[in-house]
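Q: Below are the structure tokens for one structure; questions will follow.
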Amino acid sequence: MARINDNYLKLKAGYLFPEIGRRVREFSAANPTAKVIRLGIGDVTQPLAPAVLKAFHAAIDDLGTTENFAGYGPEQGYEWLSRTIIDKSYKPLGVELKSSEMFISDGSKCDCANILDIFALDNVVAIGDPVYPVYNDTNVMVGRTGEADDKGYYQGVVYMPCTEENGFVPALPKEKVDIIYLCSPNNPTGTVATKEQLTAWVDYANANGSIIFFDAAYEAFITTPGIPHSIYEIEGARQCAIEFRSFSKTAGFTGVRCGLVVIPEEVMGTTANGEKFSFNKLWNRRTTTKFNGTSYPVQRAAAAVYSDAGWAQVKATIDYYMDNARIIREGLTAAGITCYGGVDSPYIWLKTPDAMTSWDFFDKLLNECHVVGTPGSGFGPSGEGYFRLSAFGDKASVETAVARIREKWGK
Ligand code: MLT
């Protein structure tokens with residue numbers, strides 16, 4: 001009989017969001033009249049920008065004509081899209097990139113997971129705690145870790161606690177690590193890394209020959225001037241950082257699927273013989289073998305995000321979500337709940353009232369306020385006692401949710 005990949009059996013729980021979905025379905029089945037408001041998974045609710053939709057439609061029409069029909073595109077994405085992203089989104093930050101350093105994909109979640117293909121298993125990884133569960137779980141799946149301990153920490157991984165005490169910014173590891181996951185604006189804590197903090201990471205990485213995986217999926221939600229939108233704004237990052245970006249939250253593409261990976265030519269690893277080798281070349285090799293490119297209409301729609309009209313419309317939706325974030329943050333703070341994030345990020349990270357566990361608060365909120373959020377402990381042991389609310393709902397629902405929570409907590 002064929003053997004399974006036993007590493008999957010080390011995973012302690014099902015993936016967080018399906019588990020939340022299961023509990024909500026159970027609740028709704030038992031309480032069919034309850035109007036449940038979902039602020040759990042960070043899924044967008046507002047429609048695509050009209051300029052994006054128009055480009056999407058036009059590209060689908062292209063597929064119905066002989067002249068403009070598109071079959072397999074370049075596995076790395078069309079150059080007209082990577083050039084547009086570089087010119088419109090990176091150049092204004094003072095970041096120069098070549099098209100060959102950008103790989104368009106069908107979403108950042110897959111990229112964050114798949115990137116492990118081009119790294120040897122004996123690399124030591126450092127992961128934040130709490131963290132986007134994909135980083136941790138994919139390392140378990142590929143077999144880079146041992147078993148989890150009682151708390152949920154996997155043997156062999158260096159965890160970097162992000163707590164109230166350190167402002168949710170991890171300290172540099174004391175030991176030498178090879179791969180560092182950073183996410184700013186952070187999912188789940190909603191906090192951002194400053195230029196100085198990122199400089200310390202880049203300096204550490206260059207001094208230790210480590211690679212930073214920089215997840216910038218939420219960069220478009222930064223409102224504070226001076227906060228880096230890209231790791232490449234930091235001197236030395238071209239030598240040590242791989243950046244992930246996504247159209248999911250920026251432009252409402254959670255169902256459309258488009259993301260990108262940037263791997264500058266200078267990012268190097270070593271072979272078994274100690275020779276230097278380019279990660280860009282390896283990722284290109286992987287991509288051409290395992291991927292046939294993001295669909296043509298999706299890439300046309302993505303390019304339209306950066307048209308003048310497209311960006312104005314997309315930005316208006318981002319502002320709409322960030323106003324939701326303000327409503328949640330201010331409303332809950334007025335109810336005496338300690339909140340973090342929600343200023344440069346669409347996530348509010350709150351301390352559970354009355355020192356409840358994260359899942360107890362989840363159940364109470366669902367049962368008594370009919371509001372769904374995400375238990376902080378689902379993002380890692382240091383998330384226990386915290387809870388994440390997403391600002392991606394529609395405004396009326398967000399206002400109702402906040403009113404219900406305030407009523408419950410009596411302020
Ligand atoms: C989240 O809620 O953390 C995100 O929506 C998950 C994701 O982007 O995959």
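Chain labels follow the order of the structure tokens: the first chain is A, the next B, and so on; residue numbering restarts at 1 in every chain, and ligands are counted from 1 in their shown order.
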Write out as a tab-separated table the residues of chain A that have any atom within 7 Å of an atom of ligand 1, one row each with the nearest atom pair and its distance in Å to one decimal, counting only C-alpha atoms and all ligand atoms, sorted by chain and then rising number.

A:
residue	atom	partner	partner_atom_place_in_ligand_line	distance
A:Gly40	CA	ligand 1	2 (O)	6.6
A:Ile41	CA	ligand 1	2 (O)	3.6
A:Gly42	CA	ligand 1	2 (O)	3.5
A:Asp43	CA	ligand 1	5 (O)	5.3
A:Lys109	CA	ligand 1	9 (O)	5.5
A:Tyr132	CA	ligand 1	3 (O)	6.2
A:Asn187	CA	ligand 1	3 (O)	6.2
A:Pro188	CA	ligand 1	3 (O)	6.7

Q: Write out as an MDAnalysis selection string all residues of region 46-221 of chain A that backbone DSSP assigns to helix (DSSP H, G or I).

A: chainID A and resid 50:62 79:93 99:101 108:118 133:142 195:208 219:221

Q: Report the distance between CA of Glu266 (chain A) and CA of Phe244 (chain A) in Å, rounded to one decimal place.

A: 16.7 Å

Q: Of the residues A:Trp311, A:Gly293, A:Ser28, A:Glu101, which is the one nearest to Ile242 (chain A), using only C-alpha atoms?

A: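 Under the stated criterion, the closest residue is A:Glu101.
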
Q: In Å, how far is it from CA of Ile222 (chain A) to CA of Ser345 (chain A)?

A: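 Answer for the CA of Ile222 (chain A) to CA of Ser345 (chain A) separation: 6.2 Å.
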
Q: Which residues are close to Val95 (chain A), i.e. within 10 Å by only C-alpha atoms, leaving aside same-chain residues fewer than 6 positions away? Reply as an MDAnalysis selection string.

A: chainID A and resid 86:87 89 230:234 238

Q: Could you take the residues named above and write them with N, CA and C atoms, as a short mmCIF file (atom, residue, chain, number, x, y, z; two decimals), in the first residue's frame?

A:
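Result file follows (selection.cif):
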data_model
loop_
_atom_site.label_atom_id
_atom_site.label_comp_id
_atom_site.auth_asym_id
_atom_site.auth_seq_id
_atom_site.Cartn_x
_atom_site.Cartn_y
_atom_site.Cartn_z
N ILE A 86 5.64 47.21 -11.41
CA ILE A 86 6.93 47.82 -11.06
C ILE A 86 6.83 49.35 -11.19
N ASP A 87 6.30 49.81 -12.33
CA ASP A 87 6.25 51.27 -12.58
C ASP A 87 5.30 51.98 -11.62
N SER A 89 3.74 50.70 -8.69
CA SER A 89 3.70 50.40 -7.26
C SER A 89 5.08 50.38 -6.60
N SER A 230 7.37 48.13 1.13
CA SER A 230 8.12 47.02 0.55
C SER A 230 9.42 46.86 1.33
N ILE A 231 9.87 45.62 1.46
CA ILE A 231 11.15 45.38 2.15
C ILE A 231 12.31 46.00 1.35
N TYR A 232 12.09 46.17 0.03
CA TYR A 232 13.19 46.70 -0.80
C TYR A 232 13.40 48.20 -0.61
N GLU A 233 12.58 48.82 0.22
CA GLU A 233 12.86 50.20 0.62
C GLU A 233 14.04 50.24 1.61
N ILE A 234 14.40 49.06 2.09
CA ILE A 234 15.48 48.98 3.08
C ILE A 234 16.79 48.62 2.37
N ARG A 238 17.82 43.76 -1.19
CA ARG A 238 17.91 43.02 -2.46
C ARG A 238 18.80 41.78 -2.34
#

Q: Show which residues sit within 9 Å of region 163-179 of chain A, as a ChimeraX atom specification. Count only C-alpha atoms, and ignore same-chain residues fewer than 2 positions away.

A: /A:123-130,158-161,181,189,191-193,197,200-201,204-205,208-213,382-383

Q: Using only C-alpha atoms, determine which residues lie at most 6 Å from region 321-329 of chain A, disregarding the query and same-chain residues fewer than 3 positions distant; provide the list as a PDB file with C-alpha atoms, in the first residue's frame.

A:
ATOM      1  CA  ILE A 318      -9.537  50.408   0.818  1.00  0.00           C
ATOM      2  CA  LEU A 332     -14.547  48.525  21.229  1.00  0.00           C
ATOM      3  CA  THR A 333     -12.094  50.835  22.939  1.00  0.00           C
ATOM      4  CA  GLY A 342      -6.707  48.796  12.704  1.00  0.00           C
ATOM      5  CA  PRO A 346      -7.656  45.933   8.218  1.00  0.00           C
ATOM      6  CA  ALA A 391     -12.694  45.150   8.831  1.00  0.00           C
ATOM      7  CA  PHE A 392     -13.689  43.615   5.484  1.00  0.00           C
TER       8      PHE A 392
END

Q: From the DSSP assignment of the backbone, select every residue of region 159-285 of chain A that is strand (DSSP E or B), and format the answer as a list in words.

A: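 The strand (DSSP E or B) subset of region 159-285 of chain A is Tyr159, Met160, Pro161, Ile179, Ile180, Tyr181, Leu182, Cys183, Ile211, Ile212, Phe213, Phe214, Asp215, Ala241, Ile242, Glu243, Phe244, Arg245, Ser246, Gly259, Leu260, Val261, Val262, Met268, Gly269, Thr270, Lys276, Phe277 and Ser278 of chain A.
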
Q: Emit the selected residues as a compact mmCIF listing (two decimals), in the first residue's frame, including N, CA, C and O atoms.

A:
# COMPACT_ATOMS: atom_id res chain seq x y z
N TYR A 159 10.54 30.03 17.32
CA TYR A 159 9.35 30.90 17.40
C TYR A 159 9.74 32.24 17.99
O TYR A 159 10.52 32.32 18.93
N MET A 160 9.17 33.28 17.43
CA MET A 160 9.48 34.64 17.88
C MET A 160 8.19 35.25 18.45
O MET A 160 7.31 35.67 17.69
N PRO A 161 8.04 35.24 19.78
CA PRO A 161 6.80 35.74 20.37
C PRO A 161 6.57 37.21 20.03
O PRO A 161 7.49 38.03 20.07
N ILE A 179 15.97 31.10 7.59
CA ILE A 179 14.79 31.69 6.93
C ILE A 179 13.97 32.40 7.99
O ILE A 179 13.71 31.84 9.06
N ILE A 180 13.58 33.63 7.68
CA ILE A 180 12.80 34.42 8.65
C ILE A 180 11.52 34.87 7.96
O ILE A 180 11.56 35.47 6.88
N TYR A 181 10.39 34.59 8.57
CA TYR A 181 9.11 35.06 8.04
C TYR A 181 8.75 36.37 8.73
O TYR A 181 8.66 36.43 9.95
N LEU A 182 8.55 37.41 7.93
CA LEU A 182 8.06 38.68 8.47
C LEU A 182 6.81 39.06 7.70
O LEU A 182 6.73 38.85 6.48
N CYS A 183 5.85 39.65 8.40
CA CYS A 183 4.60 40.06 7.75
C CYS A 183 4.26 41.45 8.27
O CYS A 183 4.04 41.63 9.47
N ILE A 211 17.64 34.30 4.69
CA ILE A 211 16.70 34.87 3.72
C ILE A 211 15.44 35.29 4.48
O ILE A 211 14.91 34.54 5.30
N ILE A 212 14.96 36.50 4.18
CA ILE A 212 13.71 36.98 4.77
C ILE A 212 12.58 36.71 3.78
O ILE A 212 12.69 37.08 2.60
N PHE A 213 11.52 36.07 4.24
CA PHE A 213 10.28 35.99 3.45
C PHE A 213 9.42 37.15 3.94
O PHE A 213 8.93 37.12 5.09
N PHE A 214 9.22 38.15 3.11
CA PHE A 214 8.48 39.34 3.55
C PHE A 214 7.09 39.32 2.93
O PHE A 214 6.93 39.49 1.72
N ASP A 215 6.11 39.12 3.76
CA ASP A 215 4.72 39.05 3.30
C ASP A 215 4.10 40.45 3.40
O ASP A 215 3.86 40.95 4.49
N ALA A 241 16.12 39.32 0.60
CA ALA A 241 14.68 39.24 0.85
C ALA A 241 13.89 38.80 -0.37
O ALA A 241 14.17 39.19 -1.51
N ILE A 242 12.88 38.00 -0.10
CA ILE A 242 11.88 37.58 -1.09
C ILE A 242 10.56 38.20 -0.62
O ILE A 242 10.20 38.08 0.55
N GLU A 243 9.89 38.89 -1.53
CA GLU A 243 8.65 39.59 -1.11
C GLU A 243 7.43 38.97 -1.77
O GLU A 243 7.46 38.61 -2.95
N PHE A 244 6.36 38.88 -1.00
CA PHE A 244 5.09 38.34 -1.49
C PHE A 244 4.07 39.47 -1.46
O PHE A 244 3.95 40.18 -0.46
N ARG A 245 3.32 39.59 -2.54
CA ARG A 245 2.22 40.55 -2.57
C ARG A 245 0.98 39.90 -3.13
O ARG A 245 1.07 38.87 -3.80
N SER A 246 -0.15 40.54 -2.88
CA SER A 246 -1.41 39.92 -3.25
C SER A 246 -2.40 40.98 -3.74
O SER A 246 -2.40 42.10 -3.24
N GLY A 259 -1.56 37.01 -7.29
CA GLY A 259 -0.53 37.48 -6.35
C GLY A 259 0.79 37.56 -7.08
O GLY A 259 0.86 37.38 -8.31
N LEU A 260 1.84 37.84 -6.35
CA LEU A 260 3.15 37.89 -6.99
C LEU A 260 4.26 37.66 -5.97
O LEU A 260 4.09 37.91 -4.78
N VAL A 261 5.37 37.17 -6.51
CA VAL A 261 6.58 36.98 -5.71
C VAL A 261 7.69 37.79 -6.37
O VAL A 261 7.81 37.77 -7.59
N VAL A 262 8.47 38.48 -5.56
CA VAL A 262 9.65 39.18 -6.08
C VAL A 262 10.90 38.49 -5.52
O VAL A 262 11.03 38.31 -4.30
N MET A 268 20.86 34.88 -2.94
CA MET A 268 21.62 33.66 -3.20
C MET A 268 21.52 32.69 -2.02
O MET A 268 21.40 33.11 -0.88
N GLY A 269 21.62 31.41 -2.37
CA GLY A 269 21.79 30.38 -1.35
C GLY A 269 23.03 29.58 -1.71
O GLY A 269 23.71 29.90 -2.70
N THR A 270 23.32 28.56 -0.94
CA THR A 270 24.48 27.74 -1.29
C THR A 270 24.04 26.32 -1.66
O THR A 270 23.05 25.81 -1.14
N LYS A 276 27.61 29.28 -4.53
CA LYS A 276 26.44 30.17 -4.51
C LYS A 276 25.50 29.84 -5.66
O LYS A 276 25.96 29.53 -6.77
N PHE A 277 24.20 29.92 -5.39
CA PHE A 277 23.22 29.69 -6.46
C PHE A 277 22.04 30.64 -6.27
O PHE A 277 21.63 30.92 -5.14
N SER A 278 21.49 31.10 -7.40
CA SER A 278 20.45 32.12 -7.36
C SER A 278 19.06 31.51 -7.08
O SER A 278 18.62 30.60 -7.78

Q: Give me the residues within 12 Å of Phe361 (chain A) as a PDB file with C-alpha atoms, in the first residue's frame, counting only C-alpha atoms and dropping any in the same chain fewer than 4 places off.

A:
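The result, written out as result23.pdb:
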ATOM      1  CA  LEU A 350      -8.149  42.811  20.806  1.00  0.00           C
ATOM      2  CA  LYS A 351      -7.560  41.477  24.275  1.00  0.00           C
ATOM      3  CA  THR A 352     -10.442  39.269  25.269  1.00  0.00           C
ATOM      4  CA  PRO A 353     -12.537  40.877  28.019  1.00  0.00           C
ATOM      5  CA  ASP A 354     -12.494  39.291  31.483  1.00  0.00           C
ATOM      6  CA  ALA A 355      -9.351  37.340  30.556  1.00  0.00           C
ATOM      7  CA  MET A 356     -11.413  34.792  28.634  1.00  0.00           C
ATOM      8  CA  THR A 357      -9.603  32.263  26.455  1.00  0.00           C
ATOM      9  CA  LEU A 365     -19.483  36.362  20.787  1.00  0.00           C
ATOM     10  CA  LEU A 366     -21.155  33.919  18.414  1.00  0.00           C
ATOM     11  CA  ASN A 367     -23.838  32.795  20.836  1.00  0.00           C
ATOM     12  CA  GLU A 368     -24.648  36.122  22.449  1.00  0.00           C
ATOM     13  CA  CYS A 369     -23.834  38.746  19.793  1.00  0.00           C
ATOM     14  CA  HIS A 370     -24.053  36.571  16.660  1.00  0.00           C
ATOM     15  CA  VAL A 371     -20.694  37.947  15.572  1.00  0.00           C
ATOM     16  CA  VAL A 372     -17.911  35.777  14.180  1.00  0.00           C
ATOM     17  CA  GLY A 373     -14.255  36.634  14.713  1.00  0.00           C
ATOM     18  CA  THR A 374     -11.024  34.644  14.793  1.00  0.00           C
ATOM     19  CA  PRO A 375      -9.610  33.276  18.059  1.00  0.00           C
ATOM     20  CA  GLY A 376      -6.087  34.574  18.618  1.00  0.00           C
ATOM     21  CA  SER A 377      -4.874  31.181  19.851  1.00  0.00           C
ATOM     22  CA  GLU A 384      -4.119  33.028  23.519  1.00  0.00           C
ATOM     23  CA  GLY A 385      -6.273  35.640  25.224  1.00  0.00           C
ATOM     24  CA  TYR A 386      -6.521  37.659  22.018  1.00  0.00           C
ATOM     25  CA  PHE A 387      -9.062  37.824  19.234  1.00  0.00           C
ATOM     26  CA  ARG A 388      -8.988  39.160  15.674  1.00  0.00           C
ATOM     27  CA  ILE A 405     -20.603  44.006  21.382  1.00  0.00           C
TER      28      ILE A 405
END

Q: Calculated over only C-alpha atoms, which of the candidates A:Phe103, A:Trp359, A:Phe119, A:Tyr153 has the smallest distance to Thr287 (chain A)?

A: A:Phe103

Q: Please provide the set of residues having any atom within 8 Å of Glu219 (chain A), restricted to only C-alpha atoms, with same-chain residues fewer than 5 positions apart removed, written as number ranges by chain.

A: A: 184-185, 229-230

Q: Let me see the file: selected residues, all heavy atoms, as a PDB file, in the first residue's frame.

A:
ATOM      1  N   SER A 184       4.259  42.425   7.378  1.00  0.00           N
ATOM      2  CA  SER A 184       3.932  43.792   7.783  1.00  0.00           C
ATOM      3  C   SER A 184       3.206  44.487   6.636  1.00  0.00           C
ATOM      4  O   SER A 184       3.711  44.469   5.514  1.00  0.00           O
ATOM      5  CB  SER A 184       5.205  44.572   8.136  1.00  0.00           C
ATOM      6  OG  SER A 184       4.897  45.916   8.438  1.00  0.00           O
ATOM      7  N   PRO A 185       2.014  45.061   6.917  1.00  0.00           N
ATOM      8  CA  PRO A 185       1.210  45.034   8.137  1.00  0.00           C
ATOM      9  C   PRO A 185       0.907  43.595   8.534  1.00  0.00           C
ATOM     10  O   PRO A 185       0.669  42.749   7.674  1.00  0.00           O
ATOM     11  CB  PRO A 185      -0.054  45.779   7.739  1.00  0.00           C
ATOM     12  CG  PRO A 185       0.342  46.654   6.594  1.00  0.00           C
ATOM     13  CD  PRO A 185       1.411  45.903   5.872  1.00  0.00           C
ATOM     14  N   HIS A 229       6.357  50.098   2.589  1.00  0.00           N
ATOM     15  CA  HIS A 229       5.374  49.255   1.897  1.00  0.00           C
ATOM     16  C   HIS A 229       6.054  48.023   1.305  1.00  0.00           C
ATOM     17  O   HIS A 229       5.386  47.063   0.950  1.00  0.00           O
ATOM     18  CB  HIS A 229       4.694  50.045   0.770  1.00  0.00           C
ATOM     19  CG  HIS A 229       3.719  51.076   1.265  1.00  0.00           C
ATOM     20  ND1 HIS A 229       2.375  51.031   0.949  1.00  0.00           N
ATOM     21  CD2 HIS A 229       3.881  52.148   2.069  1.00  0.00           C
ATOM     22  CE1 HIS A 229       1.751  52.056   1.523  1.00  0.00           C
ATOM     23  NE2 HIS A 229       2.651  52.756   2.207  1.00  0.00           N
ATOM     24  N   SER A 230       7.372  48.132   1.135  1.00  0.00           N
ATOM     25  CA  SER A 230       8.124  47.020   0.548  1.00  0.00           C
ATOM     26  C   SER A 230       9.421  46.865   1.331  1.00  0.00           C
ATOM     27  O   SER A 230      10.025  47.856   1.763  1.00  0.00           O
ATOM     28  CB  SER A 230       8.444  47.341  -0.918  1.00  0.00           C
ATOM     29  OG  SER A 230       9.452  46.469  -1.384  1.00  0.00           O
TER      30      SER A 230
END
